[in-house]
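Peer 1: Here's a structure for you.
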Amino acid sequence: MKIGAAYIRVSTDMQLELSPESQLKAIRDYAQKNDIILSNEFIFRDEGISGRKAEKRHDFMRMIAVAKSKPKPFDVILIWKFSRFARNREDSIVYKSMLRKQCGIDVISISEQLGEDKTSILIEALLEAMDEYYSINLAEEVKRGMTEKARRGGVVAAPPFGYAAGKDCFVIDPERADIVRQIFDKFVNGERTLGIAKWLNDTGVTTKSGKPFANRTVEYILGNPVYIGKVRWNSNGKATATSRYIPTEDTIITDGKHEPIITEEIFNKAQEIMAAVKKKYPKHSPQSVSTYMLRGLVHCDNCGATLTMSAKGKGLQCYRYTHGQCKISHYVSMDKINGAVSARLQADSMLEHFYVKSSSKGDSGKAEYLKACIKKERSKLERIKAAYENGIDTLEEYRDNKQKISASIQDLEKRLSECEDCTEKLIDIRNEISEAYEMSVSPHVTEDVKNEVLRALIERIEYNRSTGDVEIFYRA
């Protein structure tokens, strides 16, 4: 007599022949005929979840965690088909191997009976390969179906800002729709995306995900034909990390079933203005990638963002301010900020004492190595905690792993403390500052070289717009 567990999975409620009830009934019948005790305690279900990735199936991962308990809780795991266990061959091989070798638990498909000979191993692998092929093919069919639905004006994506989800189409969200109208109205009447983003943030309006508006978010709204009653679908699914739309030859734009928020006349006018702006200020203009003395060094004292070169290349501005996410402008001309930094370097070089903490080169490298090791061990602690919370590791495994990693961290911290105590000392860097000052005002040194030298000496520079002062943080 064996103790059994059952694993049941369905991807969608449309698969009636694979319903949880029918799978469980078939598994119970098999268990009864084969002298396997099946307790309700060991019945695991994942409903409406794809089998492509194991970590997304919570009850599957719980089953694996239970299987690793000691003493062994059950002898076999019964499934309706191998495709229910996994539709990814890598997951299937990893978890079946772990269950058999480490736990002594077999996985049995009640509808795909196999023996234990080498031919059965090949047949099982073939079945799993066919299941994975089916899963990939199904994904392609779904994408093809969504593309066809988009061609007919159907809903194939989440509703954009200004709309809510309806039964067969988007429905207008009155409050946000009014904001969309104001965005278009402001833009066609001369306001630019940066100013609109600031206005939205100042009035407390957020995106659908609850984030502040940036100028590119406003630009996305202005360029989305959904607001004139169209449906836009990119069948290849390409998007950037910021979910910005990328037009391709596969893009479909067709008439939708939803009510438009703005007129085509206003939308077309907005497109003309955006095209003119982009032509006037190309995204990858030469000055946007040029090197200047303070590149990457100067920071906004309000939000901490880097000051980057302005569009005209004559000054620096807070990066977040240019995207509507910092409320204080930090624009400063290039000549003014260069002069302020050079003056501060000269003043620091003339101080009677100017010391920073430092370590000898070799021991400094060792200290950095130990810090990196400690960081890595702390990451391990987070991972084993997550594994325990998700039911992958038992409490006993978590305690053992935590004890080992904590001991390793204590040892590394002790070695780091000894290293820093032995090597840390104060050094006078007035000569280095003086050389950096001479270089910064020299007309014979290129901007590239100036930037490289300053980066080696300076960690960051904070610029205070209200006072015009700069504060330099030197490297140890």
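Labels for the structure tokens follow display order: chains A, B, ..., residues from 1 in each chain, ligands from 1.
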Show which residues sit within 7 Å of Thr308 (chain A), as a PyMOL selection string. Count only C-alpha atoms, and ignore same-chain residues fewer than 3 positions away.

Peer 2: chain A and resi 316-319

Peer 1: Please extract the residues of region 367-469 of chain A with a backbone DSSP assignment of strand (DSSP E or B) and present them as a list in words.

Peer 2: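 So the strand (DSSP E or B) residues in region 367-469 of chain A would be Lys425, Leu426, Ile427, Asp428, Ile458, Glu459, Arg460, Ile461, Glu462 and Tyr463 of chain A.
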
Peer 1: Using only C-alpha atoms, find the one residue out of A:Gly210, A:Pro443, A:Gly204, A:Gly468 that sits nearest to Val332 (chain A).

Peer 2: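 The answer is A:Gly468, which sits nearest to Val332 (chain A).
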
Peer 1: Could you list, as a PyMOL selection string, every residue within 9 Å of region 55-66 of chain A, counting only C-alpha atoms and ignoring same-chain residues fewer than 2 positions away?

Peer 2: chain A and resi 5+7-9+42-46+49-53+68-70+72-73+85+95+99+388+390-394

Peer 1: Just N, CA, C and O atoms for this one: save the residues we selected as a JSON list (two decimals), in the first residue's frame.

Peer 2:
[["chain", "number", "residue", "atom", "x", "y", "z"],
["A", 5, "ALA", "N", -0.10, 11.47, -3.65],
["A", 5, "ALA", "CA", -0.52, 12.86, -3.73],
["A", 5, "ALA", "C", -1.06, 13.08, -5.14],
["A", 5, "ALA", "O", -0.73, 12.33, -6.07],
["A", 7, "TYR", "N", -1.68, 16.04, -8.23],
["A", 7, "TYR", "CA", -1.47, 17.41, -8.71],
["A", 7, "TYR", "C", -2.39, 17.65, -9.90],
["A", 7, "TYR", "O", -2.39, 16.90, -10.86],
["A", 8, "ILE", "N", -3.17, 18.72, -9.81],
["A", 8, "ILE", "CA", -4.18, 19.03, -10.83],
["A", 8, "ILE", "C", -3.94, 20.44, -11.33],
["A", 8, "ILE", "O", -3.76, 21.38, -10.52],
["A", 9, "ARG", "N", -3.93, 20.61, -12.65],
["A", 9, "ARG", "CA", -3.74, 21.94, -13.22],
["A", 9, "ARG", "C", -4.59, 22.10, -14.46],
["A", 9, "ARG", "O", -4.67, 21.19, -15.29],
["A", 42, "PHE", "N", -3.17, 15.89, 0.62],
["A", 42, "PHE", "CA", -2.14, 15.90, -0.41],
["A", 42, "PHE", "C", -2.72, 16.07, -1.82],
["A", 42, "PHE", "O", -2.20, 15.51, -2.78],
["A", 43, "ILE", "N", -3.77, 16.84, -1.93],
["A", 43, "ILE", "CA", -4.32, 17.19, -3.25],
["A", 43, "ILE", "C", -3.97, 18.64, -3.52],
["A", 43, "ILE", "O", -4.36, 19.55, -2.77],
["A", 44, "PHE", "N", -3.21, 18.87, -4.59],
["A", 44, "PHE", "CA", -2.71, 20.20, -4.92],
["A", 44, "PHE", "C", -3.32, 20.66, -6.24],
["A", 44, "PHE", "O", -3.36, 19.90, -7.20],
["A", 45, "ARG", "N", -3.74, 21.92, -6.30],
["A", 45, "ARG", "CA", -4.41, 22.44, -7.49],
["A", 45, "ARG", "C", -3.84, 23.79, -7.90],
["A", 45, "ARG", "O", -3.57, 24.64, -7.06],
["A", 46, "ASP", "N", -3.69, 23.97, -9.21],
["A", 46, "ASP", "CA", -3.41, 25.28, -9.80],
["A", 46, "ASP", "C", -4.40, 25.46, -10.93],
["A", 46, "ASP", "O", -4.32, 24.78, -11.95],
["A", 49, "ILE", "N", -3.81, 28.59, -14.60],
["A", 49, "ILE", "CA", -2.40, 28.98, -14.61],
["A", 49, "ILE", "C", -1.65, 28.17, -15.66],
["A", 49, "ILE", "O", -1.80, 26.97, -15.75],
["A", 50, "SER", "N", -0.81, 28.85, -16.43],
["A", 50, "SER", "CA", 0.00, 28.18, -17.45],
["A", 50, "SER", "C", 1.06, 27.29, -16.81],
["A", 50, "SER", "O", 1.54, 27.57, -15.71],
["A", 51, "GLY", "N", 1.43, 26.23, -17.52],
["A", 51, "GLY", "CA", 2.46, 25.33, -17.02],
["A", 51, "GLY", "C", 3.84, 25.63, -17.54],
["A", 51, "GLY", "O", 4.77, 24.86, -17.35],
["A", 52, "ARG", "N", 4.01, 26.80, -18.19],
["A", 52, "ARG", "CA", 5.30, 27.13, -18.79],
["A", 52, "ARG", "C", 6.38, 27.43, -17.73],
["A", 52, "ARG", "O", 7.55, 27.13, -17.94],
["A", 53, "LYS", "N", 5.99, 28.02, -16.59],
["A", 53, "LYS", "CA", 6.97, 28.37, -15.57],
["A", 53, "LYS", "C", 6.51, 27.86, -14.20],
["A", 53, "LYS", "O", 5.46, 28.26, -13.71],
["A", 68, "LYS", "N", 9.61, 17.47, 0.12],
["A", 68, "LYS", "CA", 10.96, 17.48, 0.69],
["A", 68, "LYS", "C", 10.96, 17.31, 2.21],
["A", 68, "LYS", "O", 12.03, 17.25, 2.82],
["A", 69, "SER", "N", 9.78, 17.24, 2.81],
["A", 69, "SER", "CA", 9.68, 17.07, 4.27],
["A", 69, "SER", "C", 10.21, 15.69, 4.68],
["A", 69, "SER", "O", 10.23, 14.75, 3.89],
["A", 70, "LYS", "N", 10.63, 15.61, 5.95],
["A", 70, "LYS", "CA", 11.09, 14.34, 6.51],
["A", 70, "LYS", "C", 10.28, 14.05, 7.75],
["A", 70, "LYS", "O", 10.09, 14.93, 8.60],
["A", 72, "LYS", "N", 9.32, 11.16, 4.64],
["A", 72, "LYS", "CA", 8.67, 11.31, 3.35],
["A", 72, "LYS", "C", 7.15, 11.24, 3.51],
["A", 72, "LYS", "O", 6.63, 10.24, 4.03],
["A", 73, "PRO", "N", 6.40, 12.29, 3.07],
["A", 73, "PRO", "CA", 4.96, 12.33, 3.30],
["A", 73, "PRO", "C", 4.17, 11.42, 2.37],
["A", 73, "PRO", "O", 3.08, 10.97, 2.73],
["A", 85, "PHE", "N", 1.93, 18.30, -15.29],
["A", 85, "PHE", "CA", 3.06, 18.49, -14.37],
["A", 85, "PHE", "C", 3.90, 19.68, -14.82],
["A", 85, "PHE", "O", 4.30, 20.53, -14.01],
["A", 95, "TYR", "N", 12.53, 18.89, -11.68],
["A", 95, "TYR", "CA", 11.69, 18.53, -10.54],
["A", 95, "TYR", "C", 11.46, 17.02, -10.45],
["A", 95, "TYR", "O", 11.41, 16.47, -9.35],
["A", 99, "LEU", "N", 12.66, 14.87, -7.24],
["A", 99, "LEU", "CA", 11.70, 14.06, -6.49],
["A", 99, "LEU", "C", 12.15, 12.61, -6.40],
["A", 99, "LEU", "O", 12.04, 11.98, -5.34],
["A", 388, "TYR", "N", 11.77, 29.98, 1.75],
["A", 388, "TYR", "CA", 10.98, 29.45, 2.88],
["A", 388, "TYR", "C", 9.55, 30.00, 2.86],
["A", 388, "TYR", "O", 8.59, 29.26, 3.04],
["A", 390, "ASN", "N", 7.85, 31.03, 0.38],
["A", 390, "ASN", "CA", 7.10, 30.47, -0.76],
["A", 390, "ASN", "C", 6.88, 28.97, -0.64],
["A", 390, "ASN", "O", 6.32, 28.35, -1.54],
["A", 391, "GLY", "N", 7.37, 28.39, 0.46],
["A", 391, "GLY", "CA", 7.13, 26.97, 0.69],
["A", 391, "GLY", "C", 8.07, 26.04, -0.04],
["A", 391, "GLY", "O", 7.85, 24.83, -0.08],
["A", 392, "ILE", "N", 9.15, 26.58, -0.63],
["A", 392, "ILE", "CA", 10.09, 25.73, -1.36],
["A", 392, "ILE", "C", 11.02, 24.99, -0.40],
["A", 392, "ILE", "O", 11.30, 23.81, -0.58],
["A", 393, "ASP", "N", 11.49, 25.68, 0.64],
["A", 393, "ASP", "CA", 12.36, 25.08, 1.65],
["A", 393, "ASP", "C", 11.57, 24.87, 2.94],
["A", 393, "ASP", "O", 10.68, 25.67, 3.28],
["A", 394, "THR", "N", 11.92, 23.82, 3.66],
["A", 394, "THR", "CA", 11.29, 23.58, 4.96],
["A", 394, "THR", "C", 11.90, 24.51, 6.00],
["A", 394, "THR", "O", 12.94, 25.15, 5.78]]

Peer 1: Please measure the separation of CA of Lys385 (chain A) and CA of Val10 (chain A), giving the value in Å to one decimal.

Peer 2: 29.3 Å
